[in-house]
Each structure stands twice: as C-alpha cells, then as structure tokens.
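S.K.: Got a structure here, written out as structure tokens. Questions coming.
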Number of protein chains: 2
Amino acid sequence: MGKLIIVGTVAFDEIETPSGKTDKILGGAATFIGLASSKFDVDAAIVSIVGSDLPKEYLDILSDKKLNLEGLEVVEGGKTFYWKGKYHNDLNSRDTLATELNTLADFNPIVPASYKDAAVVMLGNLHPSVQLSVIKQMEKRPELIVLDTMNFWMDSALPELLEAIKHIDVLTINDEEARQLTGEYSLVTAAHKIYEMGPKYVVIKKGEHGALLFHKEEIFFAPALPLKEVFDPTGAGDTFAGGFSGYLAASNDFSFENMKRAIIHGSNLASFCVERFGTERMVPLTKEEVAKRLETFKLLTQFTIK
Amino acid sequence: MGKLIIVGTVAFDEIETPSGKTDKILGGAATFIGLASSKFDVDAAIVSIVGSDLPKEYLDILSDKKLNLEGLEVVEGGKTFYWKGKYHNDLNSRDTLATELNTLADFNPIVPASYKDAAVVMLGNLHPSVQLSVIKQMEKRPELIVLDTMNFWMDSALPELLEAIKHIDVLTINDEEARQLTGEYSLVTAAHKIYEMGPKYVVIKKGEHGALLFHKEEIFFAPALPLKEVFDPTGAGDTFAGGFSGYLAASNDFSFENMKRAIIHGSNLASFCVERFGTERMVPLTKEEVAKRLETFKLLTQFTIK
C-alpha cells in the first residue's frame with residue numbers, strides 16, 4: 001500500500017452560497033485531500049496544525065478514514081485556522097469575509113518518522129516555505145511531489161514559491177493563476193514556462209470547465225461533470241488534488257498514462273464534493289458510488305472514430 | 001453522398017484582434033459552415049444573399065470547394081452584409097464596431113429544387129423567420145434540422161425564435177445564451193428546458209472551454225484543443241457547426257454515438273479556424289491535416305480505466 005504525505009490546513013469553514021449557509025464546519029485543504037485519498041488503497045498521513053477548539057469528532061472523521069494523524073499538531077489553548085466566505089450567484093467567484101490564521105501562523109510541520117519514505121507528497125495550498133520544509137524532511141526523494149498553490153502566495157511570497165517549485169514534479173494551479181505566474185495568456189505557453197521553473201507536469205484547474213494535464217508536448221483534458229446543481233464549491237480543488245495524488249500513490253505508477261487516469265479520478269471525486277456543504281458529501285461517499293459515477297465520466301468523454 | 005442545405009450569411013468581415021487587423025475579408029456563417037462541411041463527402045448547397053460588390057473570387061472560393069451556389073442570390077447593385085468587430089485581449093469578448101445589413105435586410109431564401117430533399121438542414125445564425133421559411137420549403141421532413149442562434153434574436157424576435165425552435169432537432173447555442181433563453185444557470189437544467197421547446201438534442205458551445213451535447217439524460221463533452229496562440233476566433237462557432245452537420249450528412253447516421261463523433265469533428269475543425277484571420281486557414285486546409293489533428297484530439301481525451 002503506497003504511502004502518501006498530505007500537508008495542508010485542517011480548518012473551520014463558514015460558508016454562504018446561494019443555496020444556504022453554514023455555521024463553523026470542518027474544512028481545510030488537508031481535510032478534503034485526505035477524504036478524497038481515502039477512496040483508494042493508500043496509507044496516508046496528514047501533516048497539519050489545529051487548536052484545541054477543534055471538536056474531537058472532526059478529528060475522528062479523519063481517523064475513521066484511516067488517515068494517520070501523528071503529524072497533526074493540536075495546540076492546547078490555541079485556535080484553529082478559520083475562513084469565512086460567501087459565493088456569488090454563479091458560484092465561480094467568492095468574497096472572503098474573514099481569515100484568521102491562528103495556530104497556522106506558527107506552523108512548523110513535522111513529518112512522522114514512519115512516513116519519511118512516502119512515495120507521494122501532496123503539498124496543499126500553504127506558505128511555500130512550509131511546503132518546502134516538508135520536502136526537505138523526506139529521507140529519500142519521493143517518487144512524486146505535487147504542489148498546489150494560489151495567487152495569494154504569488155503576491156506575498158513569490159521568491160519562496162519559485163524556490164519550492166524547483167523541487168517538485170507536478171504543479172497544480174488554476175487558469176488565472178497560471179497566467180499570473182507566467183504572464184502568458186495561452187495555457188499551453190504558460191505550462192511550457194512553468195516547466196522551466198522545475199515541474200515536469202503541470203495541472204491547470206479550470207473549475208467547472210475541467211482540468212488540463214501538461215507534460216512535454218502532450219496534453220490531456222478532463223471535464224468537470226456537468227451537474228444539475230452545484231451546492232458548494234468549497235474543497236472541490238483539494239478533492240481533485242486528493243483524488244489525483246491518492247490514486248497515484250495507491251497504484252504506484254507514475255507514467256503519463258496513469259496520470260491521465262489520476263486526473264479522471266480527481267475530477268470524478270470533485271463532482272461529489274460540490275453536491276453538499278463542506279465535507280458532507282465526501283464523508284459518507286462509498287466506493288460503489290465512486291465507481292458508478294466513473295462510468296458516467298466514460299460516457300461523457302469516450303468516443304470511437306476510425 | 002448526403003445532401004446538406006446551409007443557410008446563413010456570406011459577408012464582408014473587418015476584424016481587429018490583438019494580433020493584427022484586416023481589411024474587408026470574406027466571412028459569414030454560411031461561408032464558415034460551408035468550408036468546414038467541405039472536408040467531408042457531402043453535397044452541400046449554400047442558401048444566402050450578397051450584393052454585386054462581393055468580389056467574384058470570394059464566390060470562387062466557395063464553388064472551388066464544390067459548394068452549390070444556386071441558392072446564393074446576388075443582388076445587382078446591392079451591397080453585401082458587413083460586420084466590423086474588435087476582439088479584446090482575452091479573445092473571449094468583442095465589440096461590434098459596425099453592422100450593415102444591406103441586402104440581408106430583404107433576404108427571402110430560396111432552397112434550390114434539387115436540394116428540397118436534403119437529409120440535413122443547417123440553419124446558421126439569422127432571423128428565425130428566415131430560418132423557419134427554409135424548413136417550410138423542404139419537400140419532406142429532413143433527417144436532421146440543426147439551428148444556430150444568438151442572444152440578439154432572443155432580445156429582438158423571441159416569439160419567432162421559439163416558433164422556429166419547435167421544428168428542429170438540434171439547437172446549437174452558447175452557454176450564456178442557453179442561460180438567457182431558459183433562465184437556468186445550470187447547463188444541464190437549461191438543456192432539459194430546451195428539450196421542452198422542441199429540440200431532442202442541445203449543443204451548448206463554450207468557446208475555448210469546449211462544447212456539450214445533450215440528449216435525454218445523456219451528456220457528451222468535447223474540449224476545444226488548447227492552442228499556443230488563438231489568432232482570430234471569428235467563425236469558430238460556425239466552423240464547429242459546419243463540421244458537425246457536414247459529418248452527419250456525409251455519414252447518414254443520426255444516432256447519438258455518431259453525433260459524438262460529429263461533435264469531435266466540429267471541435268477539430270474549429271481548432272484550425274482560429275489559427276489565422278477569417279477563412280485563411282480553412283481554405284487551404286487538407287484532409288490529411290484534419291486527420292492528423294484528430295489523433296491529437298484522441299490523445300487529449302481518451303483514457304483507459306478498468
């Protein structure tokens with residue numbers, strides 16, 4: 001069973017969408033990545049930090065999915081990272097109403113000793129120096145290091161981000177951020193510029209418009225499943241990343257052909273995530289449901305032309 | 001060889017994009033549809049109207065592609081429909097700088113007698129009453145009637161558009177227009193509402209984000225080919241429609257499985273159209289180039305998952 005290190009936030013989210021609003025609920029990049037990866041045969045550990053205000057049942061949700069929490073530091077008396085946001089009617093954009101770093105401000109990630117030989121490292125969106133410090137703790141070069149980032153770090157910590165990117169294999173980034181990072185409008189040209197920064201693979205996430213995987217001159221595309229209703233997009237990108245990295249760790253095959261499958265698995269899982277608030281859909285999701293929807297993905301994209 | 005009726009404008013376009021600008025060049029929906037359909041074994045006729053100011057060599061471009069022009073009326077002393085537009089930097093939006101209907105204002109389409117039994121009718125974007133009048137001239141119900149429209153007609157001739165839509169099989173429309181026509185944000189729900197208006201198939205065009213084909217509960221998706229440079233998007237949607245309808249007419253198979261292929265062929269041809277101004281890329285395009293890029297489309301979208 002392949003080992004996977006997941007680094008990212010475990011957080012309180014408070015969300016408002018056109019469909020309704022929540023109190024403080026379980027969220028965070030590592031949470032969504034972990035839940036998605038748990039749909040595969042993978043030995044995954046979460047490296048993160050929370051305060052003692054995070055209800056124990058939230059941590060139980062993660063440990064029930066066999067996610068190793070040795071690397072999840074609970075700061076006694078500390079407060080958990082908190083994000084509050086409101087989505088616009090089209091669900092493609094949102095306003096951040098509050099961000100409290102709390103314990104995350106002093107996060108010094110510690111990779112558990114038994115995971116320092118993990119085959120896959122999935123670096124969720126965090127300060128790039130934190131991401132880099134995890135890479136440096138690995139005993140041997142992992143088979144695959146995937147890094148997710150966002151425009152916030154391009155604006156506030158670009159040198160650190162460029163340094164971290166040098167050490168990774170796959171960068172996952174959204175379309176606007178790829179354009180910002182490279183100054184190129186064409187995503188093909190942007191991906192080629194990103195290769196020069198280090199990664200051999202670039203995944204460009206386009207939200208409801210799917211995701212592109214670039215490697216050398218090759219391109220693979222996975223659509224997002226068209227849905228009757230998108231309830232809450234929170235965590236969809238992280239769920240995608242968790243499906244991608246989890247599938248690759250489980251299959252221990254890092255070929256481009258297998259990455260295509262990983263992209264499809266990621267898109268498939270993300271299509272569930274958006275159906276309910278926060279983690280509500282991902283927690284009870286069964287492997288049977290996942291396998292069934294995968295068939296829908298095939299119908300959506302596969303054709304025969306002589 | 002399947003017969004195809006193409007109704008739409010043959011026009012002067014004057015285009016400015018971030019890459020450059022043109023004088024008055026050959027354009028129009030029927031032009032692009034016709035050129036795309038000519039890549040297949042199809043007997044296609046263009047029904048349109050122009051003024052005697054349209055250079056003879058423009059008409060020769062069409063007749064050289066074996067497009068029948070009996071139904072293309074040339075008004076002696078009349079002026080050809082003229083559109084001038086400027087694309088924004090992202091190429092996804094444009095400003096119309098000038099529109100002169102000219103001879104198009106009094107267009108009374110006449111379907112040539114020998115095409116009144118055509119298997120496929122492709123109604124390019126025009127006043128819906130003109131589109132309907134073509135349907136009514138057909139001797140027997142065609143196997144497939146495809147109608148393309150735009151928001152302009154929803155704003156200015158909605159009752160006529162709804163009447164025309166009742167008589168067709170496939171509506172092609174872009175994503176924003178599908179939302180406007182139905183009042184639904186979800187494209188899945190929008191497609192289902194459009195079924196109730198008449199069409200059994202709905203094609204939703206998303207420009208650089210590809211196209212969706214809906215039929216009953218089934219959905220098929222074709223991406224747009226990611227390109228290093230999009231030079232001029234003019235005519236891409238019509239080229240897509242021409243590839244779609246031309247392939248279906250040539251293959252004489254109107255099953256959903258074959259429509260999937262038609263969508264891929266349409267996307268494939270559209271990927272060439274945007275590489276040069278106006279018709280510059282489509283005119284010299286060879287069947288070999290088309291077949292080669294189709295292989296790229298397969299690599300872009302096809303995967304194997306057990």
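Naming works like this for the structure tokens: A, B, ... for the chains as they're shown, residue 1 at the start of each chain, ligands 1 onward in shown order.
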Considering only helix (DSSP H, G or I) as DSSP defines it on the backbone, what residues of region 95-259 of chain A qualify? List them as an MDAnalysis selection string.
M.R.: chainID A and resid 102:106 113:115 128:137 151:156 158:166 175:182 187:197 207:209 236:251 256:259
S.K.: Find the residues around Phe152 (chain A) up to 12 Å (only C-alpha atoms counted), leave out those fewer than 4 positions away in its own chain, and share them as a list in words.
M.R.: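 The neighbour list is Asn125, Leu126, His127, Pro128, Asp148, Ser156, Ala157, Leu158, Leu161, Ile173, Glu177, Gln180 and Leu181 of chain A.
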S.K.: With a distance threshold of 10 Å and counting only C-alpha atoms, extract the residues of chain A near chain B and express them as number ranges by chain.
M.R.: A: 89-90, 184-190, 192, 206, 208-210, 212-213, 218-230, 257-262, 264-265, 294-306
S.K.: Hey, can you spit out that residue selection with C-alpha atoms as a CSV table (one decimal), in the first residue's frame?
M.R.:
```csv
chain,number,residue,atom,x,y,z
A,89,ASN,CA,-24.7,33.6,-7.6
A,90,ASP,CA,-22.6,32.0,-10.4
A,184,GLU,CA,1.2,34.2,-20.7
A,185,TYR,CA,-2.5,34.1,-21.7
A,186,SER,CA,-2.3,30.8,-23.6
A,187,LEU,CA,-2.4,28.0,-21.1
A,188,VAL,CA,-0.2,25.9,-23.4
A,189,THR,CA,2.5,28.6,-23.4
A,190,ALA,CA,2.0,29.1,-19.6
A,192,HIS,CA,5.8,25.4,-21.0
A,206,LYS,CA,-10.5,25.4,-14.7
A,208,GLU,CA,-16.5,24.0,-13.9
A,209,HIS,CA,-14.5,23.9,-17.2
A,210,GLY,CA,-12.4,20.9,-16.1
A,212,LEU,CA,-5.7,20.1,-18.2
A,213,LEU,CA,-2.6,18.0,-17.6
A,218,GLU,CA,1.4,16.2,-24.5
A,219,ILE,CA,-1.9,17.5,-23.2
A,220,PHE,CA,-4.7,15.6,-21.5
A,221,PHE,CA,-8.0,17.1,-20.6
A,222,ALA,CA,-10.7,16.0,-18.1
A,223,PRO,CA,-14.0,17.9,-18.0
A,224,ALA,CA,-15.9,18.6,-14.8
A,225,LEU,CA,-19.1,16.6,-14.7
A,226,PRO,CA,-22.0,18.9,-15.7
A,227,LEU,CA,-24.4,18.9,-12.7
A,228,LYS,CA,-28.0,20.0,-12.3
A,229,GLU,CA,-27.0,21.8,-9.2
A,230,VAL,CA,-23.7,22.9,-7.7
A,257,GLU,CA,-0.9,7.2,-19.0
A,258,ASN,CA,-1.6,6.6,-15.3
A,259,MET,CA,-1.6,10.3,-14.6
A,260,LYS,CA,-4.5,10.6,-17.1
A,261,ARG,CA,-6.4,8.1,-15.0
A,262,ALA,CA,-5.5,10.1,-11.9
A,264,ILE,CA,-10.1,11.5,-14.2
A,265,HIS,CA,-10.4,10.1,-10.7
A,294,LEU,CA,-16.8,6.9,-13.2
A,295,GLU,CA,-18.9,5.1,-15.8
A,296,THR,CA,-20.7,8.4,-16.3
A,297,PHE,CA,-17.3,10.0,-16.9
A,298,LYS,CA,-16.5,7.5,-19.6
A,299,LEU,CA,-19.8,8.2,-21.4
A,300,LEU,CA,-19.1,11.9,-21.1
A,301,THR,CA,-15.8,11.7,-22.8
A,302,GLN,CA,-15.1,8.5,-24.7
A,303,PHE,CA,-15.8,8.1,-28.4
A,304,THR,CA,-14.7,5.9,-31.3
A,305,ILE,CA,-13.5,7.4,-34.5
A,306,LYS,CA,-11.8,5.2,-37.1
```
S.K.: Which parts of region 75-195 of chain B does DSSP call strand (DSSP E or B) when run on the backbone here, written out as a compact mmCIF listing (two decimals) with C-alpha atoms, in the first residue's frame?
M.R.:
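That gives us part_9.txt:
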```txt
# COMPACT_ATOMS: atom_id res chain seq x y z
CA VAL B 75 -28.40 41.41 -55.93
CA TYR B 82 -20.87 43.85 -43.49
CA TRP B 83 -19.62 43.32 -39.92
CA LYS B 84 -16.74 45.04 -38.23
CA GLY B 85 -15.52 43.92 -34.83
CA LYS B 86 -12.65 44.23 -32.42
CA TYR B 87 -11.65 41.48 -30.01
CA ARG B 94 -15.51 41.55 -28.65
CA ASP B 95 -17.06 44.84 -29.54
CA THR B 96 -19.13 45.16 -32.69
CA LEU B 97 -17.98 48.39 -34.32
CA ALA B 98 -20.30 48.29 -37.31
CA THR B 99 -23.12 46.15 -38.70
CA GLU B 100 -24.67 46.91 -42.08
CA VAL B 120 -29.64 17.65 -43.25
CA VAL B 121 -30.53 21.33 -42.92
CA MET B 122 -28.04 23.56 -41.13
CA LEU B 123 -29.62 26.89 -40.24
CA LEU B 144 -31.91 16.36 -39.14
CA ILE B 145 -32.52 20.09 -38.75
CA VAL B 146 -29.86 22.00 -36.83
CA LEU B 147 -30.42 25.62 -35.81
CA ASP B 148 -27.81 28.03 -34.54
CA VAL B 170 -30.66 20.20 -32.66
CA LEU B 171 -30.24 23.64 -31.16
CA THR B 172 -26.69 24.99 -31.03
CA ILE B 173 -26.25 27.90 -28.68
CA ASN B 174 -23.57 29.25 -26.39
```
S.K.: Which residues are near Pro199 (chain B)? Cut-off 8 Å, only C-alpha atoms, ignore same chain within fewer than 5 positions. Put them as a PyMOL selection string.
M.R.: chain B and resi 165-171+194
S.K.: Could you turn the residues from that selection into a file that holds C-alpha atoms, as a PDB file, in the first residue's frame?
M.R.:
```
ATOM      1  CA  ILE B 165     -37.144  26.009 -32.470  1.00  0.00           C
ATOM      2  CA  LYS B 166     -40.330  23.885 -32.353  1.00  0.00           C
ATOM      3  CA  HIS B 167     -39.473  22.442 -35.748  1.00  0.00           C
ATOM      4  CA  ILE B 168     -35.843  21.486 -35.259  1.00  0.00           C
ATOM      5  CA  ASP B 169     -33.850  18.545 -33.918  1.00  0.00           C
ATOM      6  CA  VAL B 170     -30.662  20.201 -32.664  1.00  0.00           C
ATOM      7  CA  LEU B 171     -30.239  23.642 -31.156  1.00  0.00           C
ATOM      8  CA  ILE B 194     -34.775  23.482 -24.175  1.00  0.00           C
TER       9      ILE B 194
END
```
S.K.: Need to verify the contact set: Ile135 (chain A), 10 Å, only C-alpha atoms, exclusion of same-chain residues closer than 2 positions in sequence. Can you return it as a compact mmCIF listing (two decimals) with N, CA, C and O atoms, in the first residue's frame?
M.R.:
```txt
# COMPACT_ATOMS: atom_id res chain seq x y z
N VAL A 111 7.05 15.87 9.71
CA VAL A 111 6.67 14.64 9.03
C VAL A 111 6.95 13.46 9.97
O VAL A 111 8.08 13.32 10.46
N LYS A 116 8.57 9.24 6.33
CA LYS A 116 9.63 9.98 5.65
C LYS A 116 10.11 9.30 4.37
O LYS A 116 10.92 9.85 3.63
N VAL A 121 4.16 12.91 -2.09
CA VAL A 121 3.94 14.04 -1.18
C VAL A 121 2.97 15.00 -1.87
O VAL A 121 3.23 15.47 -2.98
N MET A 122 1.87 15.27 -1.19
CA MET A 122 0.86 16.20 -1.72
C MET A 122 0.87 17.45 -0.84
O MET A 122 0.40 17.42 0.30
N LEU A 123 1.42 18.53 -1.39
CA LEU A 123 1.55 19.78 -0.64
C LEU A 123 0.35 20.67 -0.94
O LEU A 123 0.29 21.32 -1.99
N SER A 129 7.18 28.27 2.00
CA SER A 129 8.29 27.86 2.86
C SER A 129 7.91 26.65 3.71
O SER A 129 8.74 25.77 3.98
N VAL A 130 6.66 26.60 4.12
CA VAL A 130 6.16 25.43 4.85
C VAL A 130 6.17 24.22 3.92
O VAL A 130 6.60 23.12 4.31
N GLN A 131 5.73 24.42 2.70
CA GLN A 131 5.72 23.32 1.73
C GLN A 131 7.14 22.79 1.51
O GLN A 131 7.37 21.58 1.52
N LEU A 132 8.08 23.73 1.36
CA LEU A 132 9.46 23.33 1.11
C LEU A 132 10.06 22.58 2.30
O LEU A 132 10.82 21.61 2.14
N SER A 133 9.70 23.02 3.51
CA SER A 133 10.28 22.38 4.70
C SER A 133 9.85 20.91 4.79
O SER A 133 10.58 20.07 5.30
N GLN A 137 12.33 17.36 4.69
CA GLN A 137 12.31 16.35 5.75
C GLN A 137 12.26 14.92 5.21
O GLN A 137 12.42 13.97 5.97
N MET A 138 12.02 14.78 3.93
CA MET A 138 11.88 13.42 3.39
C MET A 138 13.26 12.75 3.36
O MET A 138 14.26 13.37 2.99
N GLU A 139 13.27 11.45 3.72
CA GLU A 139 14.54 10.73 3.81
C GLU A 139 15.15 10.46 2.45
O GLU A 139 16.35 10.50 2.26
N LYS A 140 14.27 10.12 1.50
CA LYS A 140 14.75 9.96 0.13
C LYS A 140 13.77 10.70 -0.79
O LYS A 140 12.64 10.98 -0.40
N ARG A 141 14.25 11.01 -1.97
CA ARG A 141 13.41 11.75 -2.90
C ARG A 141 12.14 10.95 -3.18
O ARG A 141 12.20 9.83 -3.68
N PRO A 142 10.95 11.50 -2.87
CA PRO A 142 9.71 10.78 -3.17
C PRO A 142 9.58 10.54 -4.68
O PRO A 142 10.19 11.26 -5.49
N ILE A 145 6.24 14.54 -6.12
CA ILE A 145 5.88 15.65 -5.24
C ILE A 145 4.94 16.57 -6.01
O ILE A 145 5.27 17.06 -7.09
N ALA A 164 10.34 26.73 -3.90
CA ALA A 164 9.64 25.45 -3.63
C ALA A 164 9.34 24.72 -4.95
O ALA A 164 9.52 23.50 -5.06
N HIS A 167 11.62 22.16 -6.66
CA HIS A 167 11.84 20.82 -6.12
C HIS A 167 10.68 19.85 -6.37
O HIS A 167 10.67 18.76 -5.81
N ILE A 168 9.72 20.25 -7.15
CA ILE A 168 8.53 19.42 -7.27
C ILE A 168 8.40 18.81 -8.66
O ILE A 168 9.11 19.20 -9.60
```
S.K.: Which residue gives the smallest distance to Val290 (chain B) among B:Gly243, B:Pro55, B:Gly278, B:Gly78, with only C-alpha atoms counted?
M.R.: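 Using only C-alpha atoms, Val290 (chain B) sits closest to B:Gly243.
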S.K.: From the list A:Ile5, A:His215, A:Tyr247, A:Leu269, which residue is nearest Lys292 (chain A) when using only C-alpha atoms?
M.R.: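 Result for the nearest residue to Lys292 (chain A): A:Leu269.
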S.K.: Between CA of Leu67 (chain B) and CA of Glu289 (chain B), what is the spacing in Å?
M.R.: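 The value is 20.6 Å.
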S.K.: List as a PyMOL selection string the protein and nucleic acid residues near Ser48 (chain A), meaning an atom at most 12 Å away when only C-alpha atoms are counted, but skip any in the same chain fewer than 2 places from it.
M.R.: chain A and resi 5-11+28-31+34+45-46+50-51+59+68-75+80-81+103-112+123-126+130-131+134
S.K.: Could you tell me how far CA of Ala118 (chain B) sits from CA of Ala241 (chain B), in Å to one decimal place?
M.R.: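 Straight-line distance from CA of Ala241 (chain B) to CA of Ala118 (chain B) works out to 16.8 Å.
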S.K.: Excluding same-chain residues fewer than 3 positions from Leu285 (chain B), what lies within 10 Å of it counting only C-alpha atoms, as JSON, numbers by chain?
M.R.: {"B": [35, 36, 39, 269, 272, 273, 279, 280, 281, 282, 288, 289, 290]}
S.K.: Within 9 Å of Lys216 (chain B), counting only C-alpha atoms, which residues show up once you throw out same-chain ones fewer than 6 positions away? Write them as a PyMOL selection string, please.
M.R.: chain B and resi 192+195+200-201
S.K.: Residues as selected, N, CA and C atoms, written as a compact mmCIF listing (two decimals), in the first residue's frame, can you do that?
M.R.:
```txt
# COMPACT_ATOMS: atom_id res chain seq x y z
N HIS B 192 -32.42 20.65 -20.43
CA HIS B 192 -33.71 19.98 -20.24
C HIS B 192 -34.89 20.91 -20.54
N TYR B 195 -35.23 21.07 -24.29
CA TYR B 195 -35.95 19.90 -24.84
C TYR B 195 -37.45 20.20 -24.93
N LYS B 200 -34.63 17.70 -29.66
CA LYS B 200 -34.29 16.48 -28.91
C LYS B 200 -32.82 16.47 -28.51
N TYR B 201 -32.06 17.34 -29.18
CA TYR B 201 -30.62 17.46 -28.91
C TYR B 201 -30.27 18.93 -28.68
```
